[in-house]
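The structure appears below as structure tokens.
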Amino acid sequence: MRNQYLETLGLQSGATKTDIKKAYRKLSKKYHPDINDNHDAKEKFIEIAEAYNFLSNVGPTPHREKVNY
């Protein structure tokens, strides 16, 4: 099963909240429109933020850290 949000952040199924946060921070720094002058940077940044918001809301809970999305 393919998950667009995990692919956007470059993660595999079963990623933890820590993995999600780490990938988001790395990619958001790379594609932030104030830093990156590429014309696609703004759209990519929005896509990354949407993926992070979705995965952080439906991600693993403290008592069950590993979850398949």
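Chains: A, B, ... in order of the structure tokens. Residues: from 1 per chain. Ligands: from 1, in order shown.
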- request: Please provide the set of residues having any atom within 8 Å of range 21-25 of chain A, restricted to only C-alpha atoms, with same-chain residues fewer than 4 positions apart removed, written as a PyMOL selection string.
  value: chain A and resi 9-11+17+29+48-49+52
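For the residues A:Lys42, A:Pro33, A:Leu55, A:Leu27, ranking by smallest atom-to-atom distance to Ser13 in chain A using only C-alpha atoms places A:Leu55 first.
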Every residue of chain A that DSSP places in helix (DSSP H, G or I), as a VMD selection string: chain A and resid 4 to 9 17 to 31 41 to 58
query: CA of Thr18 in chain A and CA of Gln4 in chain A are how many Å apart?
result: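 So the two atoms, CA of Thr18 in chain A and CA of Gln4 in chain A, lie 18.7 Å apart.
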field: A:Ala41, A:Ile35, A:Ile20, A:Ala15 ranked by distance to Asn53 in chain A, top pick (using only C-alpha atoms)
entry: A:Ile20
For Glu50 in chain A: contacts at 12 Å, only C-alpha atoms, fewer than 4 positions along chain excluded, given as a list in words: Gln4, Tyr5, Leu6, Thr8, Leu9, Tyr24, Ser28, Glu43, Lys44, Phe45, Ile46, Phe54, Leu55, Ser56 and Asn57 of chain A
